[in-house]
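Following: one structure in structure tokens, then a few remarks.
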Amino acid sequence: MTTVDGHVRIGDGREVALDAATLLSTMDVLGIDRALVAPGERCTAVANREGNELTTRAARSSGGRLLAYAVANPWLGKGALDELAKAADEGAVALAVDPVLQGFDLLDGLLDPLLEFAADRRWLVYVRTGTPPTALPLPLATLARRHPSVEFLMGRSGATDFWIDAAPALRHAANLYADTSYAPWDTVLSEFGRDPEIGTARCVFCTDSPYTVAKSELARITDWTIGEAERAAVLGGTVLGLLGAEQPAKS
């Protein structure tokens, strides 16, 4: 079983910081094989080049264990696309979006050129949700339906006040996947798992480190009362498939 953390932020954040070396050490302790890394809030909002250099550099020096998200504020227009192209050339494999930090509405069309870029690259797109009015699960589902060739990861699955909208959003858009971070398995995750339109195959293990306790986020999945094949998909199989990545052989 390959365990992949679908979303971590590295670098300096507003409240906490996490460097690549510390992340890799924690992954070793917890048995997490790989992780997708995005930059912190400042780099997501304005210092996109700095953030992309941080994540792609960390990925290149990790021996394949870290995979880089790219960021670009869509208000930059063509400059955002140029930034994503540069990040792709440096090894980025997915796009991370935060409509609150970046200052746009999911349905106002501003993000569409970046999503077209992602579709051309077959990139997974992580979109943080949970903050009204611009970062909510149901508008994200509508956006996903507008872009059926893009696979979306619903960051934080609406945590916490908008968990109630996460399952309806997943039912509305088949190309939308749930982030397990913060979500209690006895309520939110169990609803995903038992719903035939969703199922565990559309759940992606994420810790959202350093904003959570990674050990607890992993235990949320290892303690979840699902079959081992389902658990393997949640812990890594699904996200590796979305990335088009091969699962590394275990020694």
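Identifiers in this document derive from the order of the structure tokens: chains are assigned A, B, ..., residues are numbered from 1 separately in each chain, and ligands are numbered from 1 in order of occurrence.
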
Shell around Arg231 in chain A at 8 Å using only C-alpha atoms, local window under 5 positions removed, as a list in words: Thr200, Ile221, Thr222 and Ile226 of chain A

With range 34-43 of chain A as the partner and 12 Å as the cut-off, tabulate the residues of range 52-148 of chain A that qualify, each row holding the nearest pair of atoms and their distance in Å to one decimal, using only C-alpha atoms, sorted by chain and rising number, as a Markdown table.
| residue | atom | partner | partner_atom | distance |
| --- | --- | --- | --- | --- |
| A:Asn52 | CA | A:Pro39 | CA | 7.2 |
| A:Glu53 | CA | A:Pro39 | CA | 9.3 |
| A:Leu54 | CA | A:Pro39 | CA | 7.2 |
| A:Thr55 | CA | A:Val37 | CA | 6.2 |
| A:Thr56 | CA | A:Val37 | CA | 8.8 |
| A:Arg57 | CA | A:Val37 | CA | 10.8 |
| A:Ala58 | CA | A:Val37 | CA | 8.6 |
| A:Ala59 | CA | A:Val37 | CA | 8.1 |
| A:Arg60 | CA | A:Val37 | CA | 11.9 |
| A:Ser62 | CA | A:Arg34 | CA | 9.5 |
| A:Gly63 | CA | A:Arg34 | CA | 10.0 |
| A:Gly64 | CA | A:Arg34 | CA | 7.6 |
| A:Arg65 | CA | A:Arg34 | CA | 4.4 |
| A:Leu66 | CA | A:Ala35 | CA | 5.0 |
| A:Leu67 | CA | A:Leu36 | CA | 4.6 |
| A:Ala68 | CA | A:Val37 | CA | 5.2 |
| A:Tyr69 | CA | A:Ala38 | CA | 5.0 |
| A:Ala70 | CA | A:Ala38 | CA | 6.9 |
| A:Val71 | CA | A:Ala38 | CA | 7.7 |
| A:Ala72 | CA | A:Cys43 | CA | 8.9 |
| A:Asn73 | CA | A:Cys43 | CA | 9.5 |
| A:Ala87 | CA | A:Ala38 | CA | 11.9 |
| A:Ala92 | CA | A:Val37 | CA | 9.7 |
| A:Val93 | CA | A:Leu36 | CA | 8.9 |
| A:Ala94 | CA | A:Leu36 | CA | 8.5 |
| A:Leu95 | CA | A:Ala38 | CA | 8.7 |
| A:Ala96 | CA | A:Ala38 | CA | 6.8 |
| A:Val97 | CA | A:Ala38 | CA | 9.6 |
| A:Asp98 | CA | A:Glu41 | CA | 8.9 |
| A:Pro99 | CA | A:Glu41 | CA | 11.4 |
| A:Val100 | CA | A:Glu41 | CA | 10.2 |
| A:Leu101 | CA | A:Glu41 | CA | 7.0 |
| A:Gln102 | CA | A:Glu41 | CA | 9.3 |
| A:Leu124 | CA | A:Leu36 | CA | 10.8 |
| A:Val125 | CA | A:Leu36 | CA | 11.6 |
| A:Tyr126 | CA | A:Ala38 | CA | 9.7 |
| A:Val127 | CA | A:Ala38 | CA | 11.5 |
| A:Arg128 | CA | A:Ala38 | CA | 11.6 |

9 Å contact set for Trp224 in chain A, only C-alpha atoms, chain neighbours under 4 positions out, as a PyMOL selection string: chain A and resi 185-186+189-190+219-220+231

Residues flagged strand (DSSP E or B) by DSSP in range 45-119 of chain A, as JSON, numbers by chain: {"A": [66, 67, 68, 69, 70, 94, 95, 96, 97]}

Hey, which bits of range 88-174 of chain A sit within 10 Å of range 201-213 of chain A, and for each residue what's the closest pair of atoms and how far apart in Å (one decimal), counting only C-alpha atoms, rows by chain and increasing number, as JSON lines?
{"residue": "A:Leu153", "atom": "CA", "partner": "A:Val204", "partner_atom": "CA", "distance": 8.0}
{"residue": "A:Met154", "atom": "CA", "partner": "A:Val204", "partner_atom": "CA", "distance": 9.4}
{"residue": "A:Gly155", "atom": "CA", "partner": "A:Asp208", "partner_atom": "CA", "distance": 8.7}
{"residue": "A:Arg156", "atom": "CA", "partner": "A:Asp208", "partner_atom": "CA", "distance": 7.9}
{"residue": "A:Ser157", "atom": "CA", "partner": "A:Cys203", "partner_atom": "CA", "distance": 9.9}
{"residue": "A:Leu170", "atom": "CA", "partner": "A:Arg202", "partner_atom": "CA", "distance": 8.5}
{"residue": "A:Ala174", "atom": "CA", "partner": "A:Arg202", "partner_atom": "CA", "distance": 8.9}

Those residues with N, CA, C and O atoms, as an mmCIF file, in the first residue's frame please?
data_model
loop_
_atom_site.group_PDB
_atom_site.id
_atom_site.type_symbol
_atom_site.label_atom_id
_atom_site.label_comp_id
_atom_site.auth_asym_id
_atom_site.auth_seq_id
_atom_site.Cartn_x
_atom_site.Cartn_y
_atom_site.Cartn_z
ATOM 1 N N LEU A 153 -10.002 18.499 -6.588
ATOM 2 C CA LEU A 153 -9.959 18.040 -5.208
ATOM 3 C C LEU A 153 -10.529 19.147 -4.337
ATOM 4 O O LEU A 153 -10.001 20.268 -4.316
ATOM 5 N N MET A 154 -11.618 18.852 -3.640
ATOM 6 C CA MET A 154 -12.318 19.821 -2.799
ATOM 7 C C MET A 154 -11.565 19.972 -1.476
ATOM 8 O O MET A 154 -11.793 19.252 -0.520
ATOM 9 N N GLY A 155 -10.634 20.921 -1.443
ATOM 10 C CA GLY A 155 -9.782 21.110 -0.280
ATOM 11 C C GLY A 155 -10.578 21.360 0.991
ATOM 12 O O GLY A 155 -11.456 22.217 1.026
ATOM 13 N N ARG A 156 -10.285 20.571 2.026
ATOM 14 C CA ARG A 156 -10.938 20.627 3.339
ATOM 15 C C ARG A 156 -12.406 20.230 3.303
ATOM 16 O O ARG A 156 -13.075 20.240 4.343
ATOM 17 N N SER A 157 -12.928 19.911 2.155
ATOM 18 C CA SER A 157 -14.326 19.440 2.013
ATOM 19 C C SER A 157 -15.321 20.329 2.743
ATOM 20 O O SER A 157 -16.257 19.861 3.388
ATOM 21 N N LEU A 170 -20.402 16.639 -4.174
ATOM 22 C CA LEU A 170 -19.804 15.461 -4.793
ATOM 23 C C LEU A 170 -20.806 14.735 -5.684
ATOM 24 O O LEU A 170 -20.440 14.214 -6.750
ATOM 25 N N ALA A 174 -19.200 14.577 -10.928
ATOM 26 C CA ALA A 174 -18.474 13.313 -10.832
ATOM 27 C C ALA A 174 -16.969 13.494 -10.891
ATOM 28 O O ALA A 174 -16.219 12.581 -10.514
#

Among listed residues A:Asp108, A:Asp28, A:Glu228, A:Asp120, nearest Ala88 in chain A (using only C-alpha atoms):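 Residue with the minimum atom-to-atom distance to Ala88 in chain A: A:Asp120.
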
Expected answer as a VMD selection string: alpha helix (DSSP H) residues in range 21-238 of chain A: chain A and resid 21 to 30 41 to 45 48 to 60 78 to 89 99 to 102 112 to 121 137 to 146 166 to 172 190 to 194 214 to 222 228 to 232 238

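Residues in contact with Pro139 in chain A at 10 Å, where only C-alpha atoms are counted and same-chain residues fewer than 4 positions away are skipped, are listed as Asp105, Leu106, Leu107, Thr129, Pro133, Thr134, Ala135, Leu143, Ala144, Arg145 and Ala169 of chain A.
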
Can you write out the residues you just picked, keeping N, CA and C atoms, as a PDB file, in the first residue's frame?
ATOM      1  N   ASP A 105     -14.207  35.019  -7.290  1.00  0.00           N
ATOM      2  CA  ASP A 105     -15.320  34.096  -7.119  1.00  0.00           C
ATOM      3  C   ASP A 105     -15.115  32.912  -8.056  1.00  0.00           C
ATOM      4  N   LEU A 106     -15.421  31.724  -7.599  1.00  0.00           N
ATOM      5  CA  LEU A 106     -15.192  30.534  -8.408  1.00  0.00           C
ATOM      6  C   LEU A 106     -15.937  30.553  -9.732  1.00  0.00           C
ATOM      7  N   LEU A 107     -17.054  31.254  -9.784  1.00  0.00           N
ATOM      8  CA  LEU A 107     -17.897  31.220 -10.980  1.00  0.00           C
ATOM      9  C   LEU A 107     -17.858  32.499 -11.801  1.00  0.00           C
ATOM     10  N   THR A 129     -11.791  24.996   0.143  1.00  0.00           N
ATOM     11  CA  THR A 129     -13.174  25.401   0.398  1.00  0.00           C
ATOM     12  C   THR A 129     -13.405  25.579   1.900  1.00  0.00           C
ATOM     13  N   PRO A 133     -17.924  34.119   1.086  1.00  0.00           N
ATOM     14  CA  PRO A 133     -18.894  33.581   0.123  1.00  0.00           C
ATOM     15  C   PRO A 133     -18.246  32.968  -1.116  1.00  0.00           C
ATOM     16  N   THR A 134     -16.916  33.021  -1.227  1.00  0.00           N
ATOM     17  CA  THR A 134     -16.285  32.681  -2.512  1.00  0.00           C
ATOM     18  C   THR A 134     -15.692  31.286  -2.583  1.00  0.00           C
ATOM     19  N   ALA A 135     -15.602  30.564  -1.478  1.00  0.00           N
ATOM     20  CA  ALA A 135     -14.905  29.270  -1.487  1.00  0.00           C
ATOM     21  C   ALA A 135     -15.773  28.200  -0.843  1.00  0.00           C
ATOM     22  N   LEU A 143     -18.559  24.681 -10.929  1.00  0.00           N
ATOM     23  CA  LEU A 143     -17.349  24.931 -11.717  1.00  0.00           C
ATOM     24  C   LEU A 143     -16.818  23.625 -12.309  1.00  0.00           C
ATOM     25  N   ALA A 144     -16.823  22.567 -11.512  1.00  0.00           N
ATOM     26  CA  ALA A 144     -16.337  21.275 -12.000  1.00  0.00           C
ATOM     27  C   ALA A 144     -17.170  20.775 -13.168  1.00  0.00           C
ATOM     28  N   ARG A 145     -18.469  20.976 -13.110  1.00  0.00           N
ATOM     29  CA  ARG A 145     -19.334  20.554 -14.218  1.00  0.00           C
ATOM     30  C   ARG A 145     -19.056  21.376 -15.482  1.00  0.00           C
ATOM     31  N   ALA A 169     -22.351  18.383  -3.134  1.00  0.00           N
ATOM     32  CA  ALA A 169     -21.419  18.853  -4.168  1.00  0.00           C
ATOM     33  C   ALA A 169     -20.798  17.670  -4.908  1.00  0.00           C
TER      34      ALA A 169
END

For CA of Leu136 in chain A and CA of Gly158 in chain A, the interatomic separation in Å (one decimal): 6.3 Å

Residues near Leu114 in chain A, cut-off 8 Å, only C-alpha atoms, skip fewer than 3 positions along chain, as a ChimeraX atom specification: /A:74,80-81,111,117-118

Å distance separating CA of His147 in chain A from CA of Pro168 in chain A, one decimal place: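 Atom-to-atom, CA of His147 in chain A and CA of Pro168 in chain A are spaced 17.9 Å apart.
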
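If only C-alpha atoms are the atoms counted, then among A:Leu30, A:Ala45, A:Val8, A:Val16 the closest residue to Asp179 in chain A is A:Val8.
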
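The gap separating CA of Val188 in chain A from CA of Pro137 in chain A is 13.6 Å, in Å to one decimal.
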
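Using only C-alpha atoms, the smallest distance between any of A:Gly193, A:Asp89, A:Ala141, A:Thr160 and Ala173 in chain A comes from A:Ala141.
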
Residue among A:Leu24, A:Met1, A:Ala167, A:Ile198 lying closest to Gly237 in chain A, counting only C-alpha atoms: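 Answer, going by the shortest atom-to-atom distance: A:Met1.
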
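Among the candidates A:Ala178, A:Leu140, A:Leu84, A:Ala17, the residue lying nearest to Arg121 in chain A is A:Leu84 (atoms considered: only C-alpha atoms).
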